[in-house]
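Asker: Next up, upload_14.cif (mmCIF, C-alpha atoms).
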```cif
data_work
loop_
_atom_site.group_PDB
_atom_site.id
_atom_site.type_symbol
_atom_site.label_atom_id
_atom_site.label_comp_id
_atom_site.auth_asym_id
_atom_site.auth_seq_id
_atom_site.Cartn_x
_atom_site.Cartn_y
_atom_site.Cartn_z
ATOM 1 C CA MET L 269 -25.593 33.139 -48.285
ATOM 2 C CA ALA L 270 -23.320 35.605 -50.051
ATOM 3 C CA ARG L 271 -19.884 34.465 -51.166
ATOM 4 C CA SER L 272 -16.974 36.859 -50.833
ATOM 5 C CA ALA L 273 -14.815 37.385 -53.944
ATOM 6 C CA ALA L 274 -11.643 37.527 -51.855
ATOM 7 C CA ALA L 275 -12.327 34.150 -50.287
ATOM 8 C CA SER L 276 -13.011 32.654 -53.724
ATOM 9 C CA GLU L 277 -9.653 33.827 -55.037
ATOM 10 C CA THR L 278 -7.623 32.292 -52.187
ATOM 11 C CA LEU L 279 -8.539 28.630 -51.822
ATOM 12 C CA PRO L 280 -7.234 26.333 -49.055
ATOM 13 C CA ASP L 281 -5.009 23.362 -49.926
ATOM 14 C CA ASP L 282 -6.748 20.174 -51.047
ATOM 15 C CA ASP L 283 -6.751 18.227 -47.764
ATOM 16 C CA ALA L 284 -7.774 21.243 -45.688
ATOM 17 C CA LEU L 285 -10.606 22.131 -48.054
ATOM 18 C CA THR L 286 -11.922 18.563 -48.125
ATOM 19 C CA GLY L 287 -11.999 18.567 -44.336
ATOM 20 C CA ARG L 288 -13.834 21.890 -44.308
ATOM 21 C CA ILE L 289 -16.356 20.594 -46.856
ATOM 22 C CA VAL L 290 -17.089 17.583 -44.678
ATOM 23 C CA GLN L 291 -17.432 19.684 -41.536
ATOM 24 C CA ALA L 292 -19.685 22.242 -43.241
ATOM 25 C CA ALA L 293 -21.912 19.438 -44.563
ATOM 26 C CA LEU L 294 -22.087 17.898 -41.084
ATOM 27 C CA ASP L 295 -23.015 21.247 -39.543
ATOM 28 C CA GLN L 296 -25.734 21.751 -42.146
ATOM 29 C CA ALA L 297 -27.007 18.213 -41.543
ATOM 30 C CA GLU L 298 -27.226 18.830 -37.791
ATOM 31 C CA ARG L 299 -29.463 21.814 -38.499
ATOM 32 C CA ASP L 300 -31.559 20.587 -41.418
ATOM 33 C CA GLY L 301 -31.092 16.815 -41.687
ATOM 34 C CA TRP L 302 -28.703 14.920 -43.944
ATOM 35 C CA GLU L 303 -31.293 14.563 -46.709
ATOM 36 C CA ASN L 304 -31.504 18.361 -46.913
ATOM 37 C CA VAL L 305 -27.787 19.072 -47.235
ATOM 38 C CA ARG L 306 -26.952 20.926 -50.467
ATOM 39 C CA LEU L 307 -23.410 21.273 -51.748
ATOM 40 C CA ARG L 308 -24.148 24.706 -53.198
ATOM 41 C CA LEU L 309 -24.935 25.887 -49.675
ATOM 42 C CA VAL L 310 -21.703 24.297 -48.468
ATOM 43 C CA ALA L 311 -19.881 26.250 -51.181
ATOM 44 C CA ASP L 312 -21.570 29.478 -50.086
ATOM 45 C CA GLN L 313 -20.725 28.815 -46.448
ATOM 46 C CA LEU L 314 -17.058 28.204 -47.255
ATOM 47 C CA GLY L 315 -16.826 31.065 -49.727
ATOM 48 C CA VAL L 316 -15.606 28.937 -52.631
ATOM 49 C CA PRO L 317 -17.055 28.257 -56.106
ATOM 50 C CA LEU L 318 -19.297 25.213 -56.437
ATOM 51 C CA ARG L 319 -16.918 23.811 -59.060
ATOM 52 C CA GLU L 320 -14.186 23.772 -56.412
ATOM 53 C CA ILE L 321 -16.399 21.635 -54.188
ATOM 54 C CA GLY L 322 -16.836 19.274 -57.130
ATOM 55 C CA ASN L 323 -13.064 19.055 -57.556
ATOM 56 C CA HIS L 324 -12.820 17.569 -54.048
ATOM 57 C CA VAL L 325 -16.005 15.506 -53.594
ATOM 58 C CA ARG L 326 -18.045 13.984 -56.395
ATOM 59 C CA ASP L 327 -21.319 14.155 -54.436
ATOM 60 C CA LEU L 328 -22.758 13.902 -50.921
ATOM 61 C CA ASP L 329 -22.029 10.189 -50.844
ATOM 62 C CA ALA L 330 -18.340 11.053 -51.185
ATOM 63 C CA VAL L 331 -18.722 13.451 -48.254
ATOM 64 C CA ALA L 332 -20.149 10.564 -46.223
ATOM 65 C CA ASP L 333 -17.246 8.341 -47.314
ATOM 66 C CA ALA L 334 -14.762 10.964 -46.158
ATOM 67 C CA TRP L 335 -16.527 11.143 -42.787
ATOM 68 C CA PHE L 336 -16.401 7.355 -42.366
ATOM 69 C CA ALA L 337 -12.731 7.406 -43.372
ATOM 70 C CA SER L 338 -12.110 9.508 -40.276
ATOM 71 C CA GLY L 339 -13.237 6.459 -38.284
ATOM 72 C CA TRP L 340 -10.581 4.355 -40.031
ATOM 73 C CA LYS L 341 -7.942 6.959 -39.223
ATOM 74 C CA ALA L 342 -8.961 6.940 -35.568
ATOM 75 C CA MET L 343 -8.604 3.140 -35.455
ATOM 76 C CA GLN L 344 -5.159 3.282 -37.058
ATOM 77 C CA GLN L 345 -3.598 5.413 -34.328
ATOM 78 C CA PRO L 346 -0.963 3.534 -32.282
ATOM 79 C CA LEU L 347 -2.224 1.924 -29.111
ATOM 80 C CA PRO L 348 -0.799 3.313 -25.858
ATOM 81 C CA PRO L 349 1.559 0.912 -24.075
ATOM 82 C CA ASP L 350 -0.923 -0.054 -21.361
ATOM 83 C CA ILE L 351 -3.525 -1.078 -23.967
ATOM 84 C CA ALA L 352 -0.990 -2.713 -26.274
ATOM 85 C CA ALA L 353 0.007 -5.088 -23.455
ATOM 86 C CA LEU L 354 -3.549 -6.363 -22.959
ATOM 87 C CA PRO L 355 -5.042 -9.577 -24.451
ATOM 88 C CA ALA L 356 -6.362 -9.449 -28.022
ATOM 89 C CA GLY L 357 -10.009 -9.091 -26.991
ATOM 90 C CA ASP L 358 -9.263 -5.977 -24.962
ATOM 91 C CA ARG L 359 -7.213 -4.491 -27.786
ATOM 92 C CA LEU L 360 -10.044 -5.134 -30.239
ATOM 93 C CA GLU L 361 -12.494 -3.439 -27.915
ATOM 94 C CA ALA L 362 -10.226 -0.393 -27.559
ATOM 95 C CA VAL L 363 -9.734 -0.063 -31.313
ATOM 96 C CA LEU L 364 -13.407 -0.553 -32.182
ATOM 97 C CA TRP L 365 -14.387 1.939 -29.525
ATOM 98 C CA ARG L 366 -12.136 4.509 -31.211
ATOM 99 C CA TRP L 367 -14.298 4.171 -34.323
ATOM 100 C CA VAL L 368 -17.443 4.730 -32.239
ATOM 101 C CA GLU L 369 -16.014 7.732 -30.386
ATOM 102 C CA SER L 370 -14.668 9.394 -33.522
ATOM 103 C CA LEU L 371 -18.125 9.406 -35.169
ATOM 104 C CA SER L 372 -20.210 9.948 -32.021
ATOM 105 C CA PRO L 373 -20.179 13.782 -32.195
ATOM 106 C CA HIS L 374 -22.487 13.404 -35.227
ATOM 107 C CA ARG L 375 -24.149 10.088 -34.391
ATOM 108 C CA ARG L 376 -27.610 10.987 -35.713
ATOM 109 C CA VAL L 377 -26.188 12.315 -38.978
ATOM 110 C CA THR L 378 -23.925 9.280 -39.310
ATOM 111 C CA VAL L 379 -26.920 6.953 -38.997
ATOM 112 C CA ASP L 380 -28.790 9.012 -41.604
ATOM 113 C CA MET L 381 -25.790 8.713 -43.932
ATOM 114 C CA LEU L 382 -25.950 4.935 -43.644
ATOM 115 C CA LYS L 383 -29.690 4.897 -44.269
ATOM 116 C CA THR L 384 -29.184 7.005 -47.400
ATOM 117 C CA LYS L 385 -26.464 4.656 -48.619
ATOM 118 C CA LEU L 386 -28.856 1.714 -48.216
ATOM 119 C CA TRP L 387 -31.606 3.290 -50.326
ATOM 120 C CA LEU L 388 -32.708 0.632 -52.799
ATOM 121 C CA PHE L 389 -32.626 2.895 -55.856
ATOM 122 C CA HIS L 390 -28.992 3.989 -55.342
ATOM 123 C CA PRO L 391 -27.077 0.745 -56.026
ATOM 124 C CA HIS L 392 -23.899 2.735 -56.745
ATOM 125 C CA HIS L 393 -24.051 3.769 -53.065
ATOM 126 C CA TRP L 394 -24.917 0.489 -51.364
ATOM 127 C CA LEU L 395 -22.986 -1.963 -53.552
ATOM 128 C CA PRO L 396 -19.596 -0.794 -52.161
ATOM 129 C CA LEU L 397 -20.782 -1.211 -48.548
ATOM 130 C CA PRO L 398 -19.747 -4.896 -48.158
ATOM 131 C CA PHE L 399 -16.259 -4.069 -49.419
ATOM 132 C CA ASN L 400 -15.942 -1.086 -47.082
ATOM 133 C CA LEU L 401 -17.161 -3.242 -44.203
ATOM 134 C CA SER L 402 -14.517 -5.844 -45.018
ATOM 135 C CA ARG L 403 -11.817 -3.149 -45.055
ATOM 136 C CA THR L 404 -13.054 -1.848 -41.710
ATOM 137 C CA ILE L 405 -12.755 -5.296 -40.130
ATOM 138 C CA ARG L 406 -9.272 -5.802 -41.576
ATOM 139 C CA TRP L 407 -8.123 -2.412 -40.280
ATOM 140 C CA LEU L 408 -9.644 -3.314 -36.925
ATOM 141 C CA ARG L 409 -7.609 -6.505 -36.744
ATOM 142 C CA GLU L 410 -4.446 -4.789 -37.996
ATOM 143 C CA ALA L 411 -4.699 -1.986 -35.459
ATOM 144 C CA ALA L 412 -5.372 -4.478 -32.652
ATOM 145 C CA GLY L 413 -2.404 -6.619 -33.685
ATOM 146 C CA CYS L 414 -4.361 -9.776 -34.494
ATOM 147 C CA ASP L 415 -2.075 -12.051 -36.531
ATOM 148 C CA ASP L 416 -3.814 -15.404 -36.245
ATOM 149 C CA ALA L 417 -3.429 -17.962 -39.015
ATOM 150 C CA SER L 418 -6.206 -19.736 -40.926
ATOM 151 C CA PRO L 419 -8.801 -21.011 -40.032
ATOM 152 C CA ARG L 420 -8.894 -18.977 -36.808
ATOM 153 C CA ARG L 421 -8.415 -15.752 -38.776
ATOM 154 C CA GLU L 422 -11.430 -16.376 -41.026
ATOM 155 C CA VAL L 423 -13.653 -17.300 -38.078
ATOM 156 C CA GLU L 424 -12.553 -14.163 -36.224
ATOM 157 C CA GLU L 425 -13.255 -11.974 -39.273
ATOM 158 C CA VAL L 426 -16.777 -13.362 -39.607
ATOM 159 C CA GLY L 427 -17.424 -12.940 -35.896
ATOM 160 C CA LEU L 428 -16.034 -9.401 -35.845
ATOM 161 C CA THR L 429 -18.155 -8.463 -38.858
ATOM 162 C CA TRP L 430 -21.363 -9.493 -37.092
ATOM 163 C CA LEU L 431 -20.180 -7.890 -33.855
ATOM 164 C CA PHE L 432 -19.421 -4.632 -35.663
ATOM 165 C CA LEU L 433 -22.858 -4.564 -37.302
ATOM 166 C CA ALA L 434 -24.622 -5.446 -34.042
ATOM 167 C CA THR L 435 -22.684 -2.752 -32.171
ATOM 168 C CA LEU L 436 -23.577 -0.264 -34.882
ATOM 169 C CA ALA L 437 -27.261 -1.151 -34.511
ATOM 170 C CA VAL L 438 -27.120 -0.589 -30.724
ATOM 171 C CA TRP L 439 -25.123 2.636 -31.137
ATOM 172 C CA SER L 440 -27.616 4.033 -33.642
ATOM 173 C CA ARG L 441 -30.296 4.076 -30.904
ATOM 174 C CA ASP L 442 -28.076 4.847 -27.906
ATOM 175 C CA ASP L 443 -28.939 8.234 -26.402
ATOM 176 C CA ASN L 444 -27.176 7.522 -23.111
ATOM 177 C CA GLU L 445 -24.328 9.741 -21.999
ATOM 178 C CA ASN L 446 -21.053 8.587 -23.584
ATOM 179 C CA GLN L 447 -22.943 5.746 -25.305
ATOM 180 C CA LYS L 448 -22.774 3.609 -22.147
ATOM 181 C CA ARG L 449 -25.250 1.056 -23.465
ATOM 182 C CA THR L 450 -23.154 0.561 -26.593
ATOM 183 C CA ARG L 451 -19.958 0.167 -24.579
ATOM 184 C CA HIS L 452 -21.625 -2.375 -22.291
ATOM 185 C CA PHE L 453 -22.957 -4.332 -25.279
ATOM 186 C CA LEU L 454 -19.598 -4.310 -27.049
ATOM 187 C CA HIS L 455 -17.666 -5.379 -23.958
ATOM 188 C CA HIS L 456 -19.904 -8.342 -23.135
ATOM 189 C CA ARG L 457 -20.438 -9.583 -26.684
ATOM 190 C CA LEU L 458 -16.720 -9.390 -27.381
ATOM 191 C CA ALA L 459 -16.006 -11.328 -24.189
ATOM 192 C CA ASP L 460 -18.511 -13.987 -25.294
ATOM 193 C CA ALA L 461 -16.922 -14.160 -28.741
ATOM 194 C CA SER L 462 -13.425 -14.443 -27.269
ATOM 195 C CA SER L 463 -14.545 -17.324 -25.049
ATOM 196 C CA LEU L 464 -16.047 -19.135 -28.029
ATOM 197 C CA ILE L 465 -12.930 -18.656 -30.165
ATOM 198 C CA THR L 466 -10.756 -19.918 -27.307
ATOM 199 C CA PHE L 467 -13.021 -22.964 -26.905
ATOM 200 C CA LEU L 468 -12.756 -23.748 -30.616
ATOM 201 C CA PHE L 469 -9.083 -23.011 -31.242
ATOM 202 C CA GLY L 470 -7.378 -22.735 -27.872
ATOM 203 C CA ALA L 471 -5.843 -19.746 -26.146
ATOM 204 C CA GLN L 472 -3.955 -17.190 -28.211
ATOM 205 C CA SER L 473 -0.246 -16.886 -27.725
ATOM 206 C CA SER L 474 0.426 -13.741 -25.732
ATOM 207 C CA ARG L 475 2.109 -10.922 -27.626
ATOM 208 C CA ARG L 476 2.604 -7.213 -27.200
ATOM 209 C CA VAL L 477 1.467 -4.863 -29.951
ATOM 210 C CA ALA L 478 4.008 -2.297 -31.002
ATOM 211 C CA SER L 479 2.844 1.106 -29.814
#
```
Output the file's structure in the form of structure tokens.

Answerer:
Amino acid sequence: MARSAAASETLPDDDALTGRIVQAALDQAERDGWENVRLRLVADQLGVPLREIGNHVRDLDAVADAWFASGWKAMQQPLPPDIAALPAGDRLEAVLWRWVESLSPHRRVTVDMLKTKLWLFHPHHWLPLPFNLSRTIRWLREAAGCDDASPRREVEEVGLTWLFLATLAVWSRDDNENQKRTRHFLHHRLADASSLITFLFGAQSSRRVAS
């Protein structure tokens, strides 16, 4: 694809260009598969030099990281007042569902990104995954306003980690409209987990999350 000289001379600001790189890579992945995405083709599509792409993303794994970061940003948005007034389990469901919805437009590509990250011979890709998962769970609890003390906090973090992974597994195969099977799974497993936590530690004190 030809690159225009005029477009190369006038580059977008850093944040805007990074977003355009991610979107162009996603579009290419929807057409050709994530494993066939090439950053030189992204550069051609955007009309910028390849070196400029490299100034913003180190490789395709960094593009995937930027895409997953959009899920974090979706979770971090303030809860509307009607959701903020609900019990903790409902707030957690609403926040986690934001992550699902934000990545759902490119669900198949997102799953392929994760599979690529888990490839045995790329340890520099899969070694950071446990740390990123831990950050995701902590952002989930922060956004949902979960302020429980130890040991309840640690038990909740472990439970939410397994719930997140299980929900991700269901979502990866969910071709239903609006991911209804995933939403059903998340709602019922979270209700089960909330009942177990309440049985072990007692009911949570009611509080309203600042919106």

Asker: Excluding range 391-403 of chain L and its own-chain neighbours fewer than 3 positions away, which residues fall within 10 Å of it when counting all atoms listed in the file? Please give them as a ChimeraX atom specification.

Answerer: /L:329-330,333,336-337,340,382-388,406-409,425-426,428-429,432-433

Asker: Would you kindly return, as a VMD selection string, each protein, DNA or RNA residue with an atom no farther than 9 Å from any atom of Glu298 in chain L, considering only C-alpha atoms and excluding same-chain residues fewer than 4 positions away?

Answerer: chain L and resid 293 to 294 302 374 376 to 377

Asker: Tell me which residues the PyMOL selection byres ((chain L and resi 352-364) around 9) grabs here, as a PyMOL selection string.

Answerer: chain L and resi 342-351+365-369+408-409+411-414+432+451+454-455+458-459+461-462+472+474-479

Asker: Got time to write the residues from that selection, C-alpha atoms, as an mmCIF file, keeping the file's coordinate frame?

Answerer:
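selection27.cif, freshly written:
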```cif
data_model
loop_
_atom_site.group_PDB
_atom_site.id
_atom_site.type_symbol
_atom_site.label_atom_id
_atom_site.label_comp_id
_atom_site.auth_asym_id
_atom_site.auth_seq_id
_atom_site.Cartn_x
_atom_site.Cartn_y
_atom_site.Cartn_z
ATOM 1 C CA ALA L 342 -8.961 6.940 -35.568
ATOM 2 C CA MET L 343 -8.604 3.140 -35.455
ATOM 3 C CA GLN L 344 -5.159 3.282 -37.058
ATOM 4 C CA GLN L 345 -3.598 5.413 -34.328
ATOM 5 C CA PRO L 346 -0.963 3.534 -32.282
ATOM 6 C CA LEU L 347 -2.224 1.924 -29.111
ATOM 7 C CA PRO L 348 -0.799 3.313 -25.858
ATOM 8 C CA PRO L 349 1.559 0.912 -24.075
ATOM 9 C CA ASP L 350 -0.923 -0.054 -21.361
ATOM 10 C CA ILE L 351 -3.525 -1.078 -23.967
ATOM 11 C CA TRP L 365 -14.387 1.939 -29.525
ATOM 12 C CA ARG L 366 -12.136 4.509 -31.211
ATOM 13 C CA TRP L 367 -14.298 4.171 -34.323
ATOM 14 C CA VAL L 368 -17.443 4.730 -32.239
ATOM 15 C CA GLU L 369 -16.014 7.732 -30.386
ATOM 16 C CA LEU L 408 -9.644 -3.314 -36.925
ATOM 17 C CA ARG L 409 -7.609 -6.505 -36.744
ATOM 18 C CA ALA L 411 -4.699 -1.986 -35.459
ATOM 19 C CA ALA L 412 -5.372 -4.478 -32.652
ATOM 20 C CA GLY L 413 -2.404 -6.619 -33.685
ATOM 21 C CA CYS L 414 -4.361 -9.776 -34.494
ATOM 22 C CA PHE L 432 -19.421 -4.632 -35.663
ATOM 23 C CA ARG L 451 -19.958 0.167 -24.579
ATOM 24 C CA LEU L 454 -19.598 -4.310 -27.049
ATOM 25 C CA HIS L 455 -17.666 -5.379 -23.958
ATOM 26 C CA LEU L 458 -16.720 -9.390 -27.381
ATOM 27 C CA ALA L 459 -16.006 -11.328 -24.189
ATOM 28 C CA ALA L 461 -16.922 -14.160 -28.741
ATOM 29 C CA SER L 462 -13.425 -14.443 -27.269
ATOM 30 C CA GLN L 472 -3.955 -17.190 -28.211
ATOM 31 C CA SER L 474 0.426 -13.741 -25.732
ATOM 32 C CA ARG L 475 2.109 -10.922 -27.626
ATOM 33 C CA ARG L 476 2.604 -7.213 -27.200
ATOM 34 C CA VAL L 477 1.467 -4.863 -29.951
ATOM 35 C CA ALA L 478 4.008 -2.297 -31.002
ATOM 36 C CA SER L 479 2.844 1.106 -29.814
#
```

Asker: Taking all atoms listed in the file into account, name the residue in L:Leu285, L:Val316, L:Val438, L:Met381 that is nearest to Leu328 in chain L.

Answerer: L:Met381

Asker: Residues at most 12 Å from Asp443 in chain L, counting all atoms listed in the file, excluding those fewer than 5 positions away in the same chain, as a compact mmCIF listing (two decimals) with C-alpha atoms, in the coordinates of the input?

Answerer:
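Final file, selection.txt:
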```
# COMPACT_ATOMS: atom_id res chain seq x y z
CA SER L 372 -20.21 9.95 -32.02
CA PRO L 373 -20.18 13.78 -32.20
CA ARG L 375 -24.15 10.09 -34.39
CA ARG L 376 -27.61 10.99 -35.71
CA VAL L 438 -27.12 -0.59 -30.72
CA LYS L 448 -22.77 3.61 -22.15
CA ARG L 449 -25.25 1.06 -23.46
CA THR L 450 -23.15 0.56 -26.59
```

Asker: Using Å and a single decimal, report how far CA of Arg288 in chain L sits from CA of Pro317 in chain L.

Answerer: 13.8 Å

Asker: Check the smallest atom-to-atom distance from each of L:Asn304, L:Ser418, L:Gln313, L:Thr286 to Trp335 in chain L using only C-alpha atoms, then report the winner.

Answerer: L:Thr286

Asker: Distance CA of Val290 in chain L-CA of Ala334 in chain L, one decimal place?

Answerer: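 The value is 7.2 Å.
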
Asker: Please report the interatomic distance between CA of Glu424 in chain L and CA of Asn446 in chain L in Å with one decimal.

Answerer: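 Separation of CA of Glu424 in chain L and CA of Asn446 in chain L: 27.4 Å.
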
Asker: Taking into account only C-alpha atoms, which residue in the set L:Arg420, L:Asn323, L:Lys341, L:Phe453 is nearest to Leu436 in chain L?

Answerer: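 Closest to Leu436 in chain L of all the choices is L:Phe453.
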
Asker: Identify which of the residues L:Arg299, L:His324, L:Arg306, L:Ile405 lies closest to Asp283 in chain L, counting all atoms listed in the file when measuring atom-to-atom distances.

Answerer: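 Looking only at the distances to Asp283 in chain L, the closest residue turns out to be L:His324.
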
Asker: Can I get range 308-323 of chain L with N, CA and C atoms filled in, as a PDB file, keeping the file's coordinate frame?

Answerer:
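Wrote rebuild.pdb, looks like this:
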```pdb
ATOM      1  N   ARG L 308     -24.250  23.295 -52.842  1.00  0.00           N
ATOM      2  CA  ARG L 308     -24.148  24.706 -53.198  1.00  0.00           C
ATOM      3  C   ARG L 308     -24.165  25.585 -51.950  1.00  0.00           C
ATOM      4  N   LEU L 309     -24.915  25.139 -50.926  1.00  0.00           N
ATOM      5  CA  LEU L 309     -24.935  25.887 -49.675  1.00  0.00           C
ATOM      6  C   LEU L 309     -23.619  25.706 -48.918  1.00  0.00           C
ATOM      7  N   VAL L 310     -23.031  24.521 -49.047  1.00  0.00           N
ATOM      8  CA  VAL L 310     -21.703  24.297 -48.468  1.00  0.00           C
ATOM      9  C   VAL L 310     -20.698  25.231 -49.135  1.00  0.00           C
ATOM     10  N   ALA L 311     -20.782  25.346 -50.457  1.00  0.00           N
ATOM     11  CA  ALA L 311     -19.881  26.250 -51.181  1.00  0.00           C
ATOM     12  C   ALA L 311     -20.059  27.691 -50.708  1.00  0.00           C
ATOM     13  N   ASP L 312     -21.304  28.114 -50.561  1.00  0.00           N
ATOM     14  CA  ASP L 312     -21.570  29.478 -50.086  1.00  0.00           C
ATOM     15  C   ASP L 312     -21.003  29.689 -48.688  1.00  0.00           C
ATOM     16  N   GLN L 313     -21.201  28.685 -47.826  1.00  0.00           N
ATOM     17  CA  GLN L 313     -20.725  28.815 -46.448  1.00  0.00           C
ATOM     18  C   GLN L 313     -19.207  28.937 -46.395  1.00  0.00           C
ATOM     19  N   LEU L 314     -18.519  28.195 -47.265  1.00  0.00           N
ATOM     20  CA  LEU L 314     -17.058  28.204 -47.255  1.00  0.00           C
ATOM     21  C   LEU L 314     -16.466  29.328 -48.094  1.00  0.00           C
ATOM     22  N   GLY L 315     -17.315  29.973 -48.895  1.00  0.00           N
ATOM     23  CA  GLY L 315     -16.826  31.065 -49.727  1.00  0.00           C
ATOM     24  C   GLY L 315     -15.971  30.604 -50.888  1.00  0.00           C
ATOM     25  N   VAL L 316     -16.338  29.468 -51.480  1.00  0.00           N
ATOM     26  CA  VAL L 316     -15.606  28.937 -52.631  1.00  0.00           C
ATOM     27  C   VAL L 316     -16.604  28.642 -53.747  1.00  0.00           C
ATOM     28  N   PRO L 317     -16.141  28.602 -55.017  1.00  0.00           N
ATOM     29  CA  PRO L 317     -17.055  28.257 -56.106  1.00  0.00           C
ATOM     30  C   PRO L 317     -17.550  26.813 -55.986  1.00  0.00           C
ATOM     31  N   LEU L 318     -18.746  26.564 -56.475  1.00  0.00           N
ATOM     32  CA  LEU L 318     -19.297  25.213 -56.437  1.00  0.00           C
ATOM     33  C   LEU L 318     -18.403  24.234 -57.193  1.00  0.00           C
ATOM     34  N   ARG L 319     -17.796  24.705 -58.290  1.00  0.00           N
ATOM     35  CA  ARG L 319     -16.918  23.811 -59.060  1.00  0.00           C
ATOM     36  C   ARG L 319     -15.733  23.345 -58.216  1.00  0.00           C
ATOM     37  N   GLU L 320     -15.287  24.164 -57.272  1.00  0.00           N
ATOM     38  CA  GLU L 320     -14.186  23.772 -56.412  1.00  0.00           C
ATOM     39  C   GLU L 320     -14.610  22.664 -55.444  1.00  0.00           C
ATOM     40  N   ILE L 321     -15.865  22.730 -55.003  1.00  0.00           N
ATOM     41  CA  ILE L 321     -16.399  21.635 -54.188  1.00  0.00           C
ATOM     42  C   ILE L 321     -16.374  20.341 -54.999  1.00  0.00           C
ATOM     43  N   GLY L 322     -16.811  20.444 -56.261  1.00  0.00           N
ATOM     44  CA  GLY L 322     -16.836  19.274 -57.130  1.00  0.00           C
ATOM     45  C   GLY L 322     -15.464  18.712 -57.438  1.00  0.00           C
ATOM     46  N   ASN L 323     -14.429  19.539 -57.344  1.00  0.00           N
ATOM     47  CA  ASN L 323     -13.064  19.055 -57.556  1.00  0.00           C
ATOM     48  C   ASN L 323     -12.584  18.187 -56.391  1.00  0.00           C
TER      49      ASN L 323
END
```
